[in-house]
Each structure stands twice: as C-alpha cells, then as structure tokens.
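Visitor: Below you'll find the structure I mean.
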Amino acid sequence: MPNIYITEPNVTCEINCNYFQVLYQEERRISLHLGQVNQVILFGNIHLSNNTIKILRSHHIPILFFTQNGEYLGRLAKPSPGEPKYIIYQRQRWSNYQLNRDTAESIIWAKLHNQQIFLQGWTWYYTNHIIQRSLNYLKLLIDNLVSSPSLIELQEYSQEADQIYDRAITSLLKSHNPCPHLTTTRIRGLFNLADQLLQQYIYQLLNTAELDPSYGILSSPNSDEFSLARDLAAEFRPAIADDVVLNFLRNLTITNGQGKKHGQWLLQNFLQHWEAKLKTFILHPEAGEVTYRQCLDLQVRAYLACLLGDREYYRPLAFKHHPVRSHSVHPPKAQHRILALVK
C-alpha cells in the first residue's frame with residue numbers, strides 16, 4: 001500500500017466517505033481509499049483536524065511527523081490492544097543466546113557485504129586512498145566476523161564498519177563533489193531521511209505481522225521502539241537508502257549545475273525518487289521478480305518463519321553486484337537486480 005507524503009504547508013486534508021483527500025487551493029491533489037493508505041507522512045507545519053486524526057487512528061493508519069528539512073519528530077498511531085501475537089516467540093528467541101548471536105552475525109555479515117558491494121560500485125571509475133583503505137578494512141571485518149564469540153563484540157564490529165563506510169561515503173562526496181550547491185548538512189539530512197523512511201516502513205510491516213518492533217536482535221529487548229526495525233533495515237540500507245540518495249544527488253548535478261534548489265522542491269523531488277526506488281524490481285532467489293517494497297515484506301516474513309521454527313535460520317539478503325547506475329534525470333524506472341541468499 002502507498003504512503004501519502006504531504007509537503008505543502010497550505011493544503012487541506014479531509015476524509016470523505018472513507019477517502020483520504022488532499023486539496024491545494026481547492027484543487028484535489030490526492031484521493032485514496034483508506035484501505036489503500038499505508039502511512040500519512042507530514043513535513044513541516046501541516047495541520048490535520050482532530051476528526052481526521054481520529055478516523056486515521058481508527059483505521060490503524062499511522063501519522064508520521066518530519067521537519068521541512070526531513071528530520072524525524074515522531075509518529076501518532078493507535079496502540080494495538082494487548083501484546084503482539086508472536087511476542088512469546090520473540091521472548092523465547094531472545095533467551096536462546098546462540099541462535100540470537102548467529103542471527104546477528106548473519107545480518108551484520110550481509111550489511112558489511114552490501115556496504116562493500118555498493119561502495120565498490122560507486123567508486124568503479126573513481127577511488128582514493130581513503131575509499132580503498134575502507135574497502136580493505138570492510139573485507140577484513142567480514143573475514144573476522146565468524147570468530148567473534150559474543151553479541152557485544154558483534155555489535156562493536158557493526159559500529160566500526162559503519163564508521164569506516166561513512167568515512168568512505170564522505171570522502172566520495174567531497175572528492176567527486178556531486179552537488180556543490182547543497183550544504184553538507186542538507187546532504188546528511190537526505191541520508192538520515194532515507195534511513196528513517198526505511199526504518200519506518202519496516203516498522204509498519206512488523207506491526208502488520210503482529211511482531212513487537214522493540215524486540216531487537218542486536219540490542220536488549222525494549223531498548224527502544226525501533227530496535228527490530230533498525231536491525232532488519234541494516235542489510236538493506238546500502239542498497240535502498242544510500243543508493244537512492246547518491247543517485248538523487250548525481251541527477252541533481254545533471255539537471256541543474258547552477259543555482260541553488262529550493263528546499264521544498266528538493267524534498268518533493270527526493271520523495272519521488274524514494275517511491276520510485278521502492279517500486280524498482282529485483283530478482284529474488286526464492287520469490288522471483290519482486291519490488292524492493294515486496295522484498296522488505298518477504299524478509300519480515302522470513303524472520304517470522306524463523307521465530308516459529310519453520311526455518312532453521314534467518315537468511316538475510318546479500319547483493320551479488322551493484323547494478324548499473326541510472327543516468328536518467330527522472331526518478332529511476334524498474335530495473336532487474338540480482339540477489340543471493342546467505343546460507
């Protein structure tokens with residue numbers, strides 16, 4: 001189901017006959033049946049009437065709040081009555097230390113592998129000593145993961161890898177200078193926004209699957225509301241969140257080499273690229289041709305199957321290669337991409 005993004009401050013949102021409608025200067029911009037709406041995402045100071053909020057909550061449609069710059073502020077959703085259906089299985093899983101550690105290792109392995117693959121793809125025609133050193137270090141961490149005896153040590157490996165990978169991306173942005181008219185703060189804001197949108201989407205999938213999103217894999221239960229969503233997002237962050245930002249910045253350079261883009265235009269254009277990314281087709285080793293959106297749902301279901309004992313291990317997704325980057329100045333169209341399952 002689609003998300004509804006509202007970025008214009010002077011819009012009117014209303015619900016008529018179970019249709020969520022957005023009007024701008026009396027012109028209807030959006031009209032979707034509530035059964036088709038996944039989330040309503042607001043950017044900036046946008047007002048929703050109490051009645052609209054009440055109806056959205058009654059249909060279990062969460063409302064997400066971001067600043068105009070894409071900083072996450074919070075969410076409003078009707079809490080589910082009672083405990084999630086599969087909470088007992090999540091508690092049993094947490095008490096099985098070895099199984100939890102092995103799952104954490106698989107997820108971190110896939111994350112590091114995908115960081116390496118996508119960093120190599122983005123530096124295919126350009127590299128420097130910082131990027132090459134980062135690639136070498138990521139490979140070393142991947143090779144040493146299996147020897148990590150504890151969950152705490154795996155967490156340290158994961159954090160160290162993130163710092164190395166982030167350093168390489170920063171070096172790439174500085175040296176390649178994909179969009180000189182955007183500040184570092186604005187570019188970092190886009191990475192944070194993409195990461196948050198990814199987590200929020202998985203969070204909603206976990207709720208739909210009746211799993212408790214606070215029961216993470218890499219952290220203690222109830223450490224925060226998004227623990228499990230953040231853990232499951234880790235393997236997809238390079239392929240979805242980071243890749244869409246880098247492609248977006250690259251296309252900005254092509255479309256507008258001069259002048260500073262307006263913040264609202266930038267946000268609206270980025271959200272178009274984000275939605276196009278989720279609709280991009282990939283070749284899944286078990287399900288065949290699916291979109292990224294469907295792939296995320298499949299991974300949540302794979303994790304649930306592991307909890308229920310239908311699968312012996314949770315198998316994250318690792319990319320075989322970084323696909324050819326799009327040179328289009330428009331949001332990317334569907335492309336075929338190959339994935340491999342971690343055994």
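Note on naming: chains are A, B, ... as they come in the structure tokens, residues start from 1 per chain, ligands start from 1 in the order shown.
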For range 98-179 of chain A versus range 211-221 of chain A, which residues have an atom no more than 12 Å away, and what is each residue's nearest atom pair and distance in Å rounded to one decimal, using only C-alpha atoms, chain-then-number order, as CSV?

Guide:
```
residue,atom,partner,partner_atom,distance
A:Gln98,CA,A:Ile217,CA,11.7
A:Leu99,CA,A:Ile217,CA,10.1
A:Asn100,CA,A:Ile217,CA,6.5
A:Arg101,CA,A:Ile217,CA,8.1
A:Asp102,CA,A:Ile217,CA,9.9
A:Thr103,CA,A:Ile217,CA,7.4
A:Ala104,CA,A:Leu218,CA,6.0
A:Glu105,CA,A:Leu218,CA,9.2
A:Ser106,CA,A:Ile217,CA,10.9
A:Ile107,CA,A:Ile217,CA,9.2
A:Ile108,CA,A:Leu218,CA,9.2
A:Ser150,CA,A:Leu218,CA,10.9
A:Leu151,CA,A:Leu218,CA,7.1
A:Ile152,CA,A:Leu218,CA,8.3
A:Glu153,CA,A:Leu218,CA,10.5
A:Leu154,CA,A:Leu218,CA,8.3
A:Gln155,CA,A:Leu218,CA,6.6
A:Glu156,CA,A:Leu218,CA,10.3
A:Tyr157,CA,A:Leu218,CA,11.4
A:Ser158,CA,A:Leu218,CA,9.5
A:Gln159,CA,A:Leu218,CA,11.0
```

Visitor: Can you write out as a tab-separated table which residues of range 199-256 of chain A fall within 8 Å of range 268-277 of chain A, alongside each residue's closest atom pair and its distance in Å to one decimal, counting only C-alpha atoms and ordering rows by chain and ascending residue number?

Guide:
```
residue	atom	partner	partner_atom	distance
A:Ile240	CA	A:Lys277	CA	7.1
A:Val244	CA	A:Trp274	CA	6.6
A:Val245	CA	A:Phe270	CA	8.0
A:Phe248	CA	A:Phe270	CA	6.8
```

Visitor: Atoms to include: C-alpha atoms. Write the selected residues as a PDB file, in the first residue's frame.

Guide:
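Output below, filename part-v9.pdb:
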```pdb
ATOM      1  CA  ILE A 240      17.997   1.225  -0.836  1.00  0.00           C
ATOM      2  CA  VAL A 244      18.807   6.363  -3.752  1.00  0.00           C
ATOM      3  CA  VAL A 245      20.478   9.402  -2.117  1.00  0.00           C
ATOM      4  CA  PHE A 248      19.474  11.582  -6.476  1.00  0.00           C
TER       5      PHE A 248
END
```

Visitor: Name the residues in contact with Leu56 in chain A at a cut-off of 9 Å, using only C-alpha atoms, excluding same-chain residues fewer than 6 positions from it; report them as a list in words.

Guide: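 Neighbouring residues, sequence-local ones excluded: Ile15, Phe20, Leu34, Val40, Pro62, Ile63, Ala77 and Lys78 of chain A.
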
Visitor: Take the selection from the previous step and output its residues with N, CA and C atoms, as a CSV table (one decimal), in the first residue's frame.

Guide:
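What follows is the written file result07.csv:
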```csv
chain,number,residue,atom,x,y,z
A,15,ILE,N,-11.4,13.7,5.1
A,15,ILE,CA,-11.8,12.4,4.8
A,15,ILE,C,-13.3,12.4,4.5
A,20,PHE,N,-9.3,9.4,1.8
A,20,PHE,CA,-8.4,10.5,2.3
A,20,PHE,C,-8.1,11.4,1.2
A,34,LEU,N,-9.1,4.7,2.3
A,34,LEU,CA,-8.4,4.5,3.5
A,34,LEU,C,-7.8,3.1,3.5
A,40,VAL,N,0.5,8.1,6.6
A,40,VAL,CA,0.4,9.6,6.2
A,40,VAL,C,1.7,10.2,6.8
A,62,PRO,N,-0.9,5.0,10.7
A,62,PRO,CA,-0.1,5.9,11.5
A,62,PRO,C,0.2,7.2,10.8
A,63,ILE,N,0.4,8.3,11.6
A,63,ILE,CA,0.8,9.6,11.0
A,63,ILE,C,2.2,9.9,11.5
A,77,ALA,N,0.0,6.8,16.3
A,77,ALA,CA,-0.7,5.6,15.9
A,77,ALA,C,-1.5,5.1,17.0
A,78,LYS,N,-2.6,4.4,16.7
A,78,LYS,CA,-3.4,3.8,17.7
A,78,LYS,C,-2.7,2.5,18.2
```

Visitor: As number ranges by chain, please: the residues near Gly44 in chain A (cut-off 12 Å, only C-alpha atoms, same-chain neighbours under 2 positions excluded).

Guide: A: 5-11, 41-42, 46-47, 64-73, 263-264, 267

Visitor: Mind giving me the straight-line distance from CA of Ile164 in chain A to CA of Ser134 in chain A in Å, one decimal?

Guide: 5.7 Å
